[in-house]
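Containing mmCIF, N, CA and C atoms: final.cif.
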```
data_target
#
loop_
_atom_site.label_atom_id
_atom_site.label_comp_id
_atom_site.auth_asym_id
_atom_site.auth_seq_id
_atom_site.Cartn_x
_atom_site.Cartn_y
_atom_site.Cartn_z
N MET A 227 24.20 16.68 21.98
CA MET A 227 24.77 17.14 23.23
C MET A 227 25.45 18.50 23.04
N LYS A 228 26.24 18.64 21.98
CA LYS A 228 26.90 19.90 21.71
C LYS A 228 25.88 21.00 21.47
N LYS A 229 24.80 20.63 20.77
CA LYS A 229 23.74 21.60 20.47
C LYS A 229 23.12 22.11 21.77
N LYS A 230 22.87 21.19 22.72
CA LYS A 230 22.29 21.61 24.00
C LYS A 230 23.24 22.54 24.74
N LEU A 231 24.53 22.23 24.74
CA LEU A 231 25.49 23.07 25.44
C LEU A 231 25.59 24.46 24.82
N ILE A 232 25.54 24.54 23.49
CA ILE A 232 25.58 25.83 22.82
C ILE A 232 24.34 26.64 23.17
N ILE A 233 23.18 25.97 23.19
CA ILE A 233 21.94 26.65 23.54
C ILE A 233 22.02 27.17 24.98
N ILE A 234 22.52 26.35 25.88
CA ILE A 234 22.63 26.75 27.28
C ILE A 234 23.56 27.95 27.43
N LEU A 235 24.68 27.94 26.73
CA LEU A 235 25.61 29.06 26.79
C LEU A 235 24.95 30.33 26.25
N PHE A 236 24.28 30.21 25.12
CA PHE A 236 23.58 31.35 24.53
C PHE A 236 22.53 31.90 25.49
N LEU A 237 21.77 31.01 26.10
CA LEU A 237 20.71 31.44 27.02
C LEU A 237 21.26 32.12 28.25
N SER A 238 22.36 31.60 28.76
CA SER A 238 22.93 32.23 29.96
C SER A 238 23.48 33.61 29.62
N LEU A 239 24.01 33.80 28.42
CA LEU A 239 24.47 35.13 28.01
C LEU A 239 23.29 36.07 27.83
N THR A 240 22.24 35.58 27.19
CA THR A 240 21.04 36.38 26.97
C THR A 240 20.40 36.78 28.28
N ASN A 241 20.32 35.84 29.21
CA ASN A 241 19.66 36.09 30.48
C ASN A 241 20.47 36.97 31.41
N SER A 242 21.74 37.13 31.14
CA SER A 242 22.55 37.97 32.02
C SER A 242 22.12 39.44 31.92
N PHE A 243 21.39 39.80 30.88
CA PHE A 243 20.91 41.16 30.72
C PHE A 243 19.48 41.33 31.23
N SER A 244 18.85 40.26 31.67
CA SER A 244 17.50 40.31 32.23
C SER A 244 17.60 40.48 33.73
N GLN A 245 16.50 40.89 34.33
CA GLN A 245 16.48 41.05 35.77
C GLN A 245 15.69 39.92 36.40
N SER A 246 16.30 39.27 37.37
CA SER A 246 15.65 38.18 38.09
C SER A 246 14.47 38.73 38.88
N VAL A 247 13.35 37.97 38.87
CA VAL A 247 12.18 38.37 39.64
C VAL A 247 11.98 37.47 40.85
N ASP A 248 12.65 36.35 40.89
CA ASP A 248 12.51 35.41 41.99
C ASP A 248 13.70 35.53 42.94
N ASN A 249 13.43 35.27 44.19
CA ASN A 249 14.45 35.23 45.22
C ASN A 249 15.44 34.11 44.86
N PRO A 250 16.75 34.36 44.99
CA PRO A 250 17.73 33.32 44.67
C PRO A 250 17.52 32.02 45.46
N ASN A 251 17.04 32.12 46.69
CA ASN A 251 16.76 30.91 47.48
C ASN A 251 15.64 30.09 46.86
N LEU A 252 14.62 30.75 46.33
CA LEU A 252 13.53 30.05 45.65
C LEU A 252 14.06 29.35 44.40
N VAL A 253 14.89 30.03 43.65
CA VAL A 253 15.46 29.44 42.43
C VAL A 253 16.26 28.19 42.78
N GLU A 254 17.08 28.27 43.81
CA GLU A 254 17.88 27.11 44.22
C GLU A 254 16.99 25.97 44.70
N LYS A 255 15.93 26.29 45.41
CA LYS A 255 14.99 25.27 45.88
C LYS A 255 14.32 24.56 44.69
N ILE A 256 13.94 25.34 43.68
CA ILE A 256 13.33 24.75 42.47
C ILE A 256 14.33 23.87 41.74
N LYS A 257 15.57 24.33 41.62
CA LYS A 257 16.60 23.53 40.95
C LYS A 257 16.85 22.21 41.68
N LEU A 258 16.90 22.27 43.00
CA LEU A 258 17.13 21.05 43.78
C LEU A 258 15.95 20.09 43.64
N LYS A 259 14.74 20.61 43.73
CA LYS A 259 13.55 19.76 43.53
C LYS A 259 13.55 19.15 42.13
N SER A 260 13.96 19.93 41.15
CA SER A 260 14.03 19.44 39.78
C SER A 260 15.05 18.33 39.63
N ALA A 261 16.21 18.50 40.27
CA ALA A 261 17.24 17.46 40.23
C ALA A 261 16.73 16.18 40.89
N ASN A 262 16.04 16.31 42.01
CA ASN A 262 15.47 15.13 42.67
C ASN A 262 14.42 14.46 41.80
N PHE A 263 13.61 15.25 41.10
CA PHE A 263 12.62 14.69 40.17
C PHE A 263 13.33 13.89 39.07
N LEU A 264 14.38 14.46 38.48
CA LEU A 264 15.12 13.76 37.42
C LEU A 264 15.82 12.51 37.96
N LEU A 265 16.27 12.56 39.21
CA LEU A 265 16.86 11.39 39.85
C LEU A 265 15.82 10.28 39.97
N GLU A 266 14.62 10.63 40.42
CA GLU A 266 13.53 9.65 40.54
C GLU A 266 13.16 9.04 39.19
N LYS A 267 13.27 9.83 38.14
CA LYS A 267 12.94 9.35 36.79
C LYS A 267 14.09 8.55 36.17
N GLY A 268 15.22 8.50 36.85
CA GLY A 268 16.38 7.77 36.32
C GLY A 268 17.13 8.52 35.24
N GLU A 269 16.91 9.82 35.16
CA GLU A 269 17.57 10.64 34.14
C GLU A 269 18.96 11.09 34.57
N ILE A 270 19.19 11.17 35.88
CA ILE A 270 20.53 11.46 36.40
C ILE A 270 20.84 10.43 37.47
N GLU A 271 22.11 10.17 37.71
CA GLU A 271 22.53 9.12 38.64
C GLU A 271 22.56 9.61 40.08
N ASN A 272 22.84 10.89 40.29
CA ASN A 272 22.89 11.46 41.64
C ASN A 272 22.68 12.96 41.52
N ILE A 273 22.57 13.62 42.66
CA ILE A 273 22.36 15.06 42.60
C ILE A 273 23.60 15.86 42.98
N ASP A 274 24.74 15.18 43.06
CA ASP A 274 26.00 15.90 43.26
C ASP A 274 26.20 16.84 42.07
N ASN A 275 26.54 18.07 42.33
CA ASN A 275 26.75 19.06 41.27
C ASN A 275 25.55 19.15 40.33
N TYR A 276 24.35 19.06 40.89
CA TYR A 276 23.14 19.03 40.08
C TYR A 276 22.99 20.25 39.17
N LYS A 277 23.52 21.39 39.57
CA LYS A 277 23.38 22.60 38.75
C LYS A 277 24.04 22.45 37.38
N SER A 278 25.07 21.64 37.31
CA SER A 278 25.75 21.43 36.04
C SER A 278 25.17 20.26 35.25
N LYS A 279 24.20 19.57 35.83
CA LYS A 279 23.63 18.38 35.20
C LYS A 279 22.26 18.62 34.58
N ILE A 280 21.61 19.76 34.90
CA ILE A 280 20.25 19.98 34.43
C ILE A 280 20.07 21.40 33.90
N SER A 281 19.02 21.59 33.11
CA SER A 281 18.61 22.92 32.66
C SER A 281 17.11 23.05 32.83
N ILE A 282 16.70 24.26 33.17
CA ILE A 282 15.28 24.60 33.30
C ILE A 282 15.10 25.90 32.51
N ILE A 283 14.48 25.78 31.34
CA ILE A 283 14.40 26.90 30.41
C ILE A 283 12.96 27.15 30.01
N GLU A 284 12.53 28.41 30.11
CA GLU A 284 11.17 28.79 29.76
C GLU A 284 10.93 28.43 28.29
N ILE A 285 9.81 27.83 28.01
CA ILE A 285 9.56 27.22 26.72
C ILE A 285 9.34 28.23 25.59
N LEU A 286 8.84 29.43 25.90
CA LEU A 286 8.61 30.45 24.87
C LEU A 286 9.72 31.48 24.83
N GLU A 287 10.07 32.02 25.99
CA GLU A 287 11.02 33.12 26.04
C GLU A 287 12.46 32.65 26.19
N THR A 288 12.67 31.39 26.39
CA THR A 288 13.98 30.76 26.57
C THR A 288 14.81 31.39 27.70
N LYS A 289 14.13 31.87 28.72
CA LYS A 289 14.83 32.38 29.91
C LYS A 289 14.99 31.24 30.89
N VAL A 290 16.10 31.26 31.62
CA VAL A 290 16.29 30.26 32.66
C VAL A 290 15.35 30.57 33.82
N ILE A 291 15.17 29.60 34.68
CA ILE A 291 14.27 29.74 35.83
C ILE A 291 14.70 30.94 36.68
N GLY A 292 13.72 31.70 37.17
CA GLY A 292 14.00 32.83 38.03
C GLY A 292 13.65 34.17 37.43
N TYR A 293 13.33 34.21 36.15
CA TYR A 293 13.08 35.47 35.48
C TYR A 293 11.61 35.71 35.15
N ASN A 294 10.75 34.75 35.45
CA ASN A 294 9.31 34.89 35.25
C ASN A 294 8.58 34.38 36.48
N LYS A 295 7.59 35.10 36.92
CA LYS A 295 6.77 34.64 38.05
C LYS A 295 5.89 33.46 37.64
N ILE A 296 5.41 33.49 36.39
CA ILE A 296 4.54 32.44 35.88
C ILE A 296 5.10 31.99 34.53
N GLY A 297 5.22 30.67 34.35
CA GLY A 297 5.71 30.19 33.08
C GLY A 297 5.71 28.68 32.99
N ILE A 298 5.96 28.22 31.79
CA ILE A 298 6.09 26.79 31.52
C ILE A 298 7.51 26.57 31.03
N TYR A 299 8.18 25.62 31.66
CA TYR A 299 9.60 25.40 31.41
C TYR A 299 9.88 23.99 30.90
N ARG A 300 10.94 23.89 30.11
CA ARG A 300 11.48 22.59 29.74
C ARG A 300 12.51 22.24 30.80
N LEU A 301 12.43 21.03 31.31
CA LEU A 301 13.38 20.52 32.30
C LEU A 301 14.05 19.31 31.67
N PHE A 302 15.38 19.35 31.59
CA PHE A 302 16.07 18.23 30.97
C PHE A 302 17.48 18.08 31.55
N PRO A 303 17.97 16.83 31.57
CA PRO A 303 19.34 16.58 32.00
C PRO A 303 20.31 16.83 30.84
N HIS A 304 21.55 17.03 31.17
CA HIS A 304 22.58 17.23 30.15
C HIS A 304 23.19 15.90 29.76
N LYS A 305 22.40 15.03 29.18
CA LYS A 305 22.91 13.75 28.71
C LYS A 305 22.00 13.27 27.58
N SER A 306 22.49 12.33 26.86
CA SER A 306 21.71 11.77 25.77
C SER A 306 21.88 10.25 25.80
N PRO A 307 20.83 9.47 25.59
CA PRO A 307 19.46 9.92 25.37
C PRO A 307 18.81 10.30 26.69
N SER A 308 17.84 11.19 26.61
CA SER A 308 17.08 11.59 27.78
C SER A 308 15.75 12.17 27.33
N ASN A 309 14.85 12.31 28.26
CA ASN A 309 13.57 12.94 27.98
C ASN A 309 13.60 14.37 28.50
N THR A 310 12.73 15.17 27.94
CA THR A 310 12.51 16.51 28.44
C THR A 310 11.17 16.50 29.16
N TYR A 311 11.14 17.11 30.32
CA TYR A 311 9.94 17.18 31.13
C TYR A 311 9.45 18.62 31.16
N ILE A 312 8.24 18.80 31.61
CA ILE A 312 7.65 20.13 31.71
C ILE A 312 7.56 20.51 33.18
N LEU A 313 7.93 21.75 33.47
CA LEU A 313 7.80 22.29 34.81
C LEU A 313 6.84 23.48 34.70
N LEU A 314 5.75 23.41 35.45
CA LEU A 314 4.79 24.50 35.51
C LEU A 314 5.11 25.34 36.75
N LYS A 315 5.24 26.64 36.56
CA LYS A 315 5.61 27.52 37.68
C LYS A 315 4.64 28.69 37.77
N LYS A 316 4.09 28.85 38.96
CA LYS A 316 3.25 30.02 39.25
C LYS A 316 3.70 30.53 40.60
N ASN A 317 4.44 31.63 40.58
CA ASN A 317 5.07 32.19 41.77
C ASN A 317 6.00 31.15 42.38
N SER A 318 5.75 30.69 43.60
CA SER A 318 6.66 29.70 44.20
C SER A 318 6.13 28.27 44.05
N ASP A 319 4.95 28.12 43.46
CA ASP A 319 4.38 26.79 43.25
C ASP A 319 4.90 26.20 41.94
N ILE A 320 5.34 24.94 42.01
CA ILE A 320 5.80 24.27 40.81
C ILE A 320 5.14 22.89 40.71
N GLN A 321 5.06 22.41 39.49
CA GLN A 321 4.52 21.08 39.24
C GLN A 321 5.33 20.47 38.10
N PHE A 322 5.74 19.23 38.27
CA PHE A 322 6.47 18.51 37.23
C PHE A 322 5.50 17.69 36.40
N ILE A 323 5.71 17.71 35.10
CA ILE A 323 4.85 16.98 34.18
C ILE A 323 5.71 16.03 33.34
N ASP A 324 5.37 14.75 33.39
CA ASP A 324 5.99 13.75 32.52
C ASP A 324 5.00 13.53 31.38
N LEU A 325 5.36 13.97 30.20
CA LEU A 325 4.45 13.93 29.06
C LEU A 325 4.15 12.52 28.57
N LYS A 326 4.83 11.54 29.11
CA LYS A 326 4.60 10.16 28.67
C LYS A 326 3.14 9.76 28.91
N ASP A 327 2.56 10.23 30.01
CA ASP A 327 1.14 10.02 30.29
C ASP A 327 0.39 11.21 29.69
N PHE A 328 0.14 11.14 28.38
CA PHE A 328 -0.35 12.25 27.59
C PHE A 328 -1.65 12.85 28.15
N GLU A 329 -2.65 12.02 28.41
CA GLU A 329 -3.95 12.53 28.84
C GLU A 329 -3.85 13.24 30.19
N LYS A 330 -3.23 12.60 31.15
CA LYS A 330 -3.08 13.20 32.48
C LYS A 330 -2.25 14.49 32.40
N SER A 331 -1.20 14.46 31.60
CA SER A 331 -0.33 15.63 31.46
C SER A 331 -1.09 16.83 30.93
N PHE A 332 -1.85 16.60 29.87
CA PHE A 332 -2.53 17.74 29.26
C PHE A 332 -3.68 18.25 30.11
N LYS A 333 -4.29 17.40 30.91
CA LYS A 333 -5.31 17.89 31.86
C LYS A 333 -4.65 18.85 32.85
N SER A 334 -3.49 18.48 33.37
CA SER A 334 -2.77 19.35 34.31
C SER A 334 -2.34 20.65 33.64
N ILE A 335 -1.87 20.55 32.41
CA ILE A 335 -1.41 21.74 31.69
C ILE A 335 -2.58 22.68 31.40
N PHE A 336 -3.72 22.13 30.97
CA PHE A 336 -4.91 22.96 30.73
C PHE A 336 -5.36 23.65 32.01
N LYS A 337 -5.36 22.91 33.10
CA LYS A 337 -5.76 23.49 34.39
C LYS A 337 -4.83 24.65 34.75
N PHE A 338 -3.52 24.43 34.56
CA PHE A 338 -2.55 25.48 34.84
C PHE A 338 -2.80 26.70 33.96
N LEU A 339 -2.93 26.48 32.65
CA LEU A 339 -3.13 27.59 31.73
C LEU A 339 -4.40 28.38 32.07
N ASN A 340 -5.44 27.68 32.45
CA ASN A 340 -6.69 28.36 32.80
C ASN A 340 -6.58 29.16 34.09
N SER A 341 -5.57 28.88 34.90
CA SER A 341 -5.38 29.62 36.15
C SER A 341 -4.53 30.87 35.94
N THR A 342 -4.07 31.09 34.72
CA THR A 342 -3.22 32.24 34.42
C THR A 342 -4.03 33.34 33.74
N THR A 343 -3.38 34.47 33.52
CA THR A 343 -4.00 35.56 32.77
C THR A 343 -3.50 35.60 31.33
N PHE A 344 -2.84 34.54 30.89
CA PHE A 344 -2.36 34.50 29.51
C PHE A 344 -3.54 34.59 28.55
N ASP A 345 -3.36 35.31 27.44
CA ASP A 345 -4.42 35.36 26.44
C ASP A 345 -4.44 34.05 25.66
N ASP A 346 -5.50 33.82 24.91
CA ASP A 346 -5.67 32.56 24.20
C ASP A 346 -4.54 32.28 23.22
N GLU A 347 -4.04 33.32 22.56
CA GLU A 347 -2.96 33.12 21.59
C GLU A 347 -1.70 32.58 22.28
N LYS A 348 -1.37 33.15 23.43
CA LYS A 348 -0.19 32.68 24.17
C LYS A 348 -0.39 31.24 24.65
N LYS A 349 -1.61 30.93 25.11
CA LYS A 349 -1.91 29.57 25.54
C LYS A 349 -1.73 28.58 24.40
N ILE A 350 -2.17 28.94 23.22
CA ILE A 350 -2.03 28.06 22.05
C ILE A 350 -0.57 27.86 21.71
N ILE A 351 0.22 28.92 21.77
CA ILE A 351 1.65 28.81 21.48
C ILE A 351 2.32 27.90 22.50
N TYR A 352 1.96 28.05 23.78
CA TYR A 352 2.49 27.15 24.80
C TYR A 352 2.15 25.69 24.47
N LEU A 353 0.90 25.45 24.12
CA LEU A 353 0.48 24.08 23.80
C LEU A 353 1.24 23.53 22.61
N GLU A 354 1.46 24.35 21.60
CA GLU A 354 2.24 23.90 20.43
C GLU A 354 3.66 23.52 20.83
N LYS A 355 4.27 24.33 21.67
CA LYS A 355 5.64 24.04 22.12
C LYS A 355 5.69 22.76 22.96
N ILE A 356 4.68 22.57 23.79
CA ILE A 356 4.63 21.35 24.61
C ILE A 356 4.45 20.12 23.73
N ILE A 357 3.64 20.23 22.71
CA ILE A 357 3.46 19.11 21.77
C ILE A 357 4.78 18.81 21.06
N GLU A 358 5.54 19.84 20.73
CA GLU A 358 6.88 19.63 20.13
C GLU A 358 7.77 18.85 21.08
N VAL A 359 7.74 19.20 22.36
CA VAL A 359 8.53 18.47 23.36
C VAL A 359 8.09 17.01 23.38
N TYR A 360 6.80 16.78 23.41
CA TYR A 360 6.26 15.41 23.41
C TYR A 360 6.78 14.64 22.19
N GLN A 361 6.70 15.26 21.02
CA GLN A 361 7.16 14.59 19.79
C GLN A 361 8.66 14.35 19.81
N ASN A 362 9.42 15.30 20.32
CA ASN A 362 10.87 15.15 20.38
C ASN A 362 11.30 14.09 21.39
N ASN A 363 10.49 13.87 22.41
CA ASN A 363 10.82 12.81 23.36
C ASN A 363 10.76 11.44 22.69
N ASN A 364 9.92 11.28 21.70
CA ASN A 364 9.88 10.07 20.88
C ASN A 364 9.96 8.81 21.75
N TYR A 365 9.00 8.67 22.64
CA TYR A 365 9.03 7.63 23.67
C TYR A 365 9.18 6.22 23.11
N SER A 366 8.60 5.93 21.98
CA SER A 366 8.62 4.58 21.47
C SER A 366 9.99 4.15 20.93
N GLU A 367 10.80 5.12 20.53
CA GLU A 367 12.10 4.78 19.93
C GLU A 367 13.29 5.01 20.86
N LYS A 368 13.05 5.59 22.02
CA LYS A 368 14.15 5.94 22.90
C LYS A 368 14.68 4.67 23.59
N ILE A 369 15.96 4.50 23.55
CA ILE A 369 16.61 3.37 24.20
C ILE A 369 17.50 3.89 25.30
N LYS A 370 17.22 3.50 26.51
CA LYS A 370 18.04 3.93 27.65
C LYS A 370 19.24 3.00 27.77
N LEU A 371 20.38 3.57 27.97
CA LEU A 371 21.61 2.78 28.13
C LEU A 371 21.89 2.53 29.59
#
```
Kindly return the structure encoded in the file as structure tokens.
Amino acid sequence: MKKKLIIILFLSLTNSFSQSVDNPNLVEKIKLKSANFLLEKGEIENIDNYKSKISIIEILETKVIGYNKIGIYRLFPHKSPSNTYILLKKNSDIQFIDLKDFEKSFKSIFKFLNSTTFDDEKKIIYLEKIIEVYQNNNYSEKIKL
């Protein structure tokens, strides 16, 4: 938990020097949809103060949501134990991915990657990072309290 908070603090400091490319209203809409997704998954109890309960961080560049038009993000609640989910973003379109359904998830991710202009090397790096998320979720050993 402390590690996540330190990472979040570092990322918010780093991102303060970047320029947002998304409209603030779009960013808030994505955050609210993300909070509702985590609520449906049972990862958070309610969406009161949802901004302080979740993080949405680009998986390669570690930028928070709003600084890339197209990207793949880690979505996770600020609690332990919890799972990390994948958020696919292309302009204002978003899609949530629960990696627990491995085959379905990766079909969606491949479809998304093929719709981008990312080169093959970047696509491979994205896939490696997503596999790390899958492994870190450790579905078989996670015990929900």
- Message: One number please: atom N of Ile285 (chain A) to atom C of Tyr311 (chain A), in Å, one decimal.
- Response: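 Result for atom N of Ile285 (chain A) versus atom C of Tyr311 (chain A): 9.7 Å, one decimal.
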- Could you tell me how far CA of Lys267 (chain A) lies from CA of Ile350 (chain A), in Å and to one decimal?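 One can read the CA of Lys267 (chain A) to CA of Ile350 (chain A) distance as 28.1 Å.
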- Query: Which residue gives the smallest distance to Tyr360 (chain A) among A:Ile312, A:Ile335, A:Ile320, A:Leu252, with only C-alpha atoms counted?
  - Reply: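 Nearest candidate to Tyr360 (chain A) out of A:Ile312, A:Ile335, A:Ile320, A:Leu252: A:Ile312.
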- Item | Separation of atom N of Leu265 (chain A) from atom C of Val247 (chain A), in Å and rounded to one decimal | 25.3 Å
- Target residues per the PyMOL selection byres (((chain A and resi 294 and name CA) around 10) and name CA), formatted as a PyMOL selection string: chain A and resi 245-248+284+287+289-293+295-298+315-317
Include N, CA and C atoms and write out the residues we just selected as a JSON list (two decimals), keeping the file's coordinate frame.
```json
[["chain", "number", "residue", "atom", "x", "y", "z"],
["A", 245, "GLN", "N", 16.50, 40.89, 34.33],
["A", 245, "GLN", "CA", 16.48, 41.05, 35.77],
["A", 245, "GLN", "C", 15.69, 39.92, 36.40],
["A", 246, "SER", "N", 16.30, 39.27, 37.37],
["A", 246, "SER", "CA", 15.65, 38.18, 38.09],
["A", 246, "SER", "C", 14.47, 38.73, 38.88],
["A", 247, "VAL", "N", 13.35, 37.97, 38.87],
["A", 247, "VAL", "CA", 12.18, 38.37, 39.64],
["A", 247, "VAL", "C", 11.98, 37.47, 40.85],
["A", 248, "ASP", "N", 12.65, 36.35, 40.89],
["A", 248, "ASP", "CA", 12.51, 35.41, 41.99],
["A", 248, "ASP", "C", 13.70, 35.53, 42.94],
["A", 284, "GLU", "N", 12.53, 28.41, 30.11],
["A", 284, "GLU", "CA", 11.17, 28.79, 29.76],
["A", 284, "GLU", "C", 10.93, 28.43, 28.29],
["A", 287, "GLU", "N", 10.07, 32.02, 25.99],
["A", 287, "GLU", "CA", 11.02, 33.12, 26.04],
["A", 287, "GLU", "C", 12.46, 32.65, 26.19],
["A", 289, "LYS", "N", 14.13, 31.87, 28.72],
["A", 289, "LYS", "CA", 14.83, 32.38, 29.91],
["A", 289, "LYS", "C", 14.99, 31.24, 30.89],
["A", 290, "VAL", "N", 16.10, 31.26, 31.62],
["A", 290, "VAL", "CA", 16.29, 30.26, 32.66],
["A", 290, "VAL", "C", 15.35, 30.57, 33.82],
["A", 291, "ILE", "N", 15.17, 29.60, 34.68],
["A", 291, "ILE", "CA", 14.27, 29.74, 35.83],
["A", 291, "ILE", "C", 14.70, 30.94, 36.68],
["A", 292, "GLY", "N", 13.72, 31.70, 37.17],
["A", 292, "GLY", "CA", 14.00, 32.83, 38.03],
["A", 292, "GLY", "C", 13.65, 34.17, 37.43],
["A", 293, "TYR", "N", 13.33, 34.21, 36.15],
["A", 293, "TYR", "CA", 13.08, 35.47, 35.48],
["A", 293, "TYR", "C", 11.61, 35.71, 35.15],
["A", 295, "LYS", "N", 7.59, 35.10, 36.92],
["A", 295, "LYS", "CA", 6.77, 34.64, 38.05],
["A", 295, "LYS", "C", 5.89, 33.46, 37.64],
["A", 296, "ILE", "N", 5.41, 33.49, 36.39],
["A", 296, "ILE", "CA", 4.54, 32.44, 35.88],
["A", 296, "ILE", "C", 5.10, 31.99, 34.53],
["A", 297, "GLY", "N", 5.22, 30.67, 34.35],
["A", 297, "GLY", "CA", 5.71, 30.19, 33.08],
["A", 297, "GLY", "C", 5.71, 28.68, 32.99],
["A", 298, "ILE", "N", 5.96, 28.22, 31.79],
["A", 298, "ILE", "CA", 6.09, 26.79, 31.52],
["A", 298, "ILE", "C", 7.51, 26.57, 31.03],
["A", 315, "LYS", "N", 5.24, 26.64, 36.56],
["A", 315, "LYS", "CA", 5.61, 27.52, 37.68],
["A", 315, "LYS", "C", 4.64, 28.69, 37.77],
["A", 316, "LYS", "N", 4.09, 28.85, 38.96],
["A", 316, "LYS", "CA", 3.25, 30.02, 39.25],
["A", 316, "LYS", "C", 3.70, 30.53, 40.60],
["A", 317, "ASN", "N", 4.44, 31.63, 40.58],
["A", 317, "ASN", "CA", 5.07, 32.19, 41.77],
["A", 317, "ASN", "C", 6.00, 31.15, 42.38]]
```
- Between A:Thr342, A:Thr288, A:Asn364, A:Asn262, which one has atoms that come closest to Leu314 (chain A), using only C-alpha atoms?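 So, comparing all the options, the nearest one is A:Thr342.
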- Task: Going by DSSP on the backbone, which bits of chain A are strand (DSSP E)? Write them as a list in words, please.
- Result: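 The strand (DSSP E) residues within chain A come out as Ile280, Ser281, Ile282, Ile283, Glu284, Ile296, Gly297, Ile298, Tyr299, Arg300, Leu301, Phe302, Pro303, Tyr311, Ile312, Leu313, Leu314, Lys315, Lys316, Asp319, Ile320, Gln321, Phe322 and Ile323 of chain A.
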Take the residues from that selection and write them out as a compact mmCIF listing (two decimals), in the coordinates of the input, keeping N, CA and C atoms.
```txt
# COMPACT_ATOMS: atom_id res chain seq x y z
N ILE A 280 21.61 19.76 34.90
CA ILE A 280 20.25 19.98 34.43
C ILE A 280 20.07 21.40 33.90
N SER A 281 19.02 21.59 33.11
CA SER A 281 18.61 22.92 32.66
C SER A 281 17.11 23.05 32.83
N ILE A 282 16.70 24.26 33.17
CA ILE A 282 15.28 24.60 33.30
C ILE A 282 15.10 25.90 32.51
N ILE A 283 14.48 25.78 31.34
CA ILE A 283 14.40 26.90 30.41
C ILE A 283 12.96 27.15 30.01
N GLU A 284 12.53 28.41 30.11
CA GLU A 284 11.17 28.79 29.76
C GLU A 284 10.93 28.43 28.29
N ILE A 296 5.41 33.49 36.39
CA ILE A 296 4.54 32.44 35.88
C ILE A 296 5.10 31.99 34.53
N GLY A 297 5.22 30.67 34.35
CA GLY A 297 5.71 30.19 33.08
C GLY A 297 5.71 28.68 32.99
N ILE A 298 5.96 28.22 31.79
CA ILE A 298 6.09 26.79 31.52
C ILE A 298 7.51 26.57 31.03
N TYR A 299 8.18 25.62 31.66
CA TYR A 299 9.60 25.40 31.41
C TYR A 299 9.88 23.99 30.90
N ARG A 300 10.94 23.89 30.11
CA ARG A 300 11.48 22.59 29.74
C ARG A 300 12.51 22.24 30.80
N LEU A 301 12.43 21.03 31.31
CA LEU A 301 13.38 20.52 32.30
C LEU A 301 14.05 19.31 31.67
N PHE A 302 15.38 19.35 31.59
CA PHE A 302 16.07 18.23 30.97
C PHE A 302 17.48 18.08 31.55
N PRO A 303 17.97 16.83 31.57
CA PRO A 303 19.34 16.58 32.00
C PRO A 303 20.31 16.83 30.84
N TYR A 311 11.14 17.11 30.32
CA TYR A 311 9.94 17.18 31.13
C TYR A 311 9.45 18.62 31.16
N ILE A 312 8.24 18.80 31.61
CA ILE A 312 7.65 20.13 31.71
C ILE A 312 7.56 20.51 33.18
N LEU A 313 7.93 21.75 33.47
CA LEU A 313 7.80 22.29 34.81
C LEU A 313 6.84 23.48 34.70
N LEU A 314 5.75 23.41 35.45
CA LEU A 314 4.79 24.50 35.51
C LEU A 314 5.11 25.34 36.75
N LYS A 315 5.24 26.64 36.56
CA LYS A 315 5.61 27.52 37.68
C LYS A 315 4.64 28.69 37.77
N LYS A 316 4.09 28.85 38.96
CA LYS A 316 3.25 30.02 39.25
C LYS A 316 3.70 30.53 40.60
N ASP A 319 4.95 28.12 43.46
CA ASP A 319 4.38 26.79 43.25
C ASP A 319 4.90 26.20 41.94
N ILE A 320 5.34 24.94 42.01
CA ILE A 320 5.80 24.27 40.81
C ILE A 320 5.14 22.89 40.71
N GLN A 321 5.06 22.41 39.49
CA GLN A 321 4.52 21.08 39.24
C GLN A 321 5.33 20.47 38.10
N PHE A 322 5.74 19.23 38.27
CA PHE A 322 6.47 18.51 37.23
C PHE A 322 5.50 17.69 36.40
N ILE A 323 5.71 17.71 35.10
CA ILE A 323 4.85 16.98 34.18
C ILE A 323 5.71 16.03 33.34
```
- Message: To test your reading of the structure, identify every residue in region 283-334 of chain A that backbone DSSP assigns to alpha helix (DSSP H), and report it as a PyMOL selection string.
- Response: chain A and resi 328-334
Run the PyMOL selection byres ((chain A and resi 309) around 8) mentally over the shown coordinates, then write out the matched residues as a compact mmCIF listing (two decimals) with N, CA and C atoms, keeping the file's coordinate frame, using the chain letters and numbers from the document.
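Written file, out30.txt:
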```txt
# COMPACT_ATOMS: atom_id res chain seq x y z
N GLU A 269 16.91 9.82 35.16
CA GLU A 269 17.57 10.64 34.14
C GLU A 269 18.96 11.09 34.57
N LEU A 301 12.43 21.03 31.31
CA LEU A 301 13.38 20.52 32.30
C LEU A 301 14.05 19.31 31.67
N PHE A 302 15.38 19.35 31.59
CA PHE A 302 16.07 18.23 30.97
C PHE A 302 17.48 18.08 31.55
N PRO A 303 17.97 16.83 31.57
CA PRO A 303 19.34 16.58 32.00
C PRO A 303 20.31 16.83 30.84
N LYS A 305 22.40 15.03 29.18
CA LYS A 305 22.91 13.75 28.71
C LYS A 305 22.00 13.27 27.58
N SER A 306 22.49 12.33 26.86
CA SER A 306 21.71 11.77 25.77
C SER A 306 21.88 10.25 25.80
N PRO A 307 20.83 9.47 25.59
CA PRO A 307 19.46 9.92 25.37
C PRO A 307 18.81 10.30 26.69
N SER A 308 17.84 11.19 26.61
CA SER A 308 17.08 11.59 27.78
C SER A 308 15.75 12.17 27.33
N THR A 310 12.73 15.17 27.94
CA THR A 310 12.51 16.51 28.44
C THR A 310 11.17 16.50 29.16
N TYR A 311 11.14 17.11 30.32
CA TYR A 311 9.94 17.18 31.13
C TYR A 311 9.45 18.62 31.16
N ILE A 312 8.24 18.80 31.61
CA ILE A 312 7.65 20.13 31.71
C ILE A 312 7.56 20.51 33.18
N VAL A 359 7.74 19.20 22.36
CA VAL A 359 8.53 18.47 23.36
C VAL A 359 8.09 17.01 23.38
N ASN A 362 9.42 15.30 20.32
CA ASN A 362 10.87 15.15 20.38
C ASN A 362 11.30 14.09 21.39
N ASN A 363 10.49 13.87 22.41
CA ASN A 363 10.82 12.81 23.36
C ASN A 363 10.76 11.44 22.69
N ASN A 364 9.92 11.28 21.70
CA ASN A 364 9.88 10.07 20.88
C ASN A 364 9.96 8.81 21.75
```
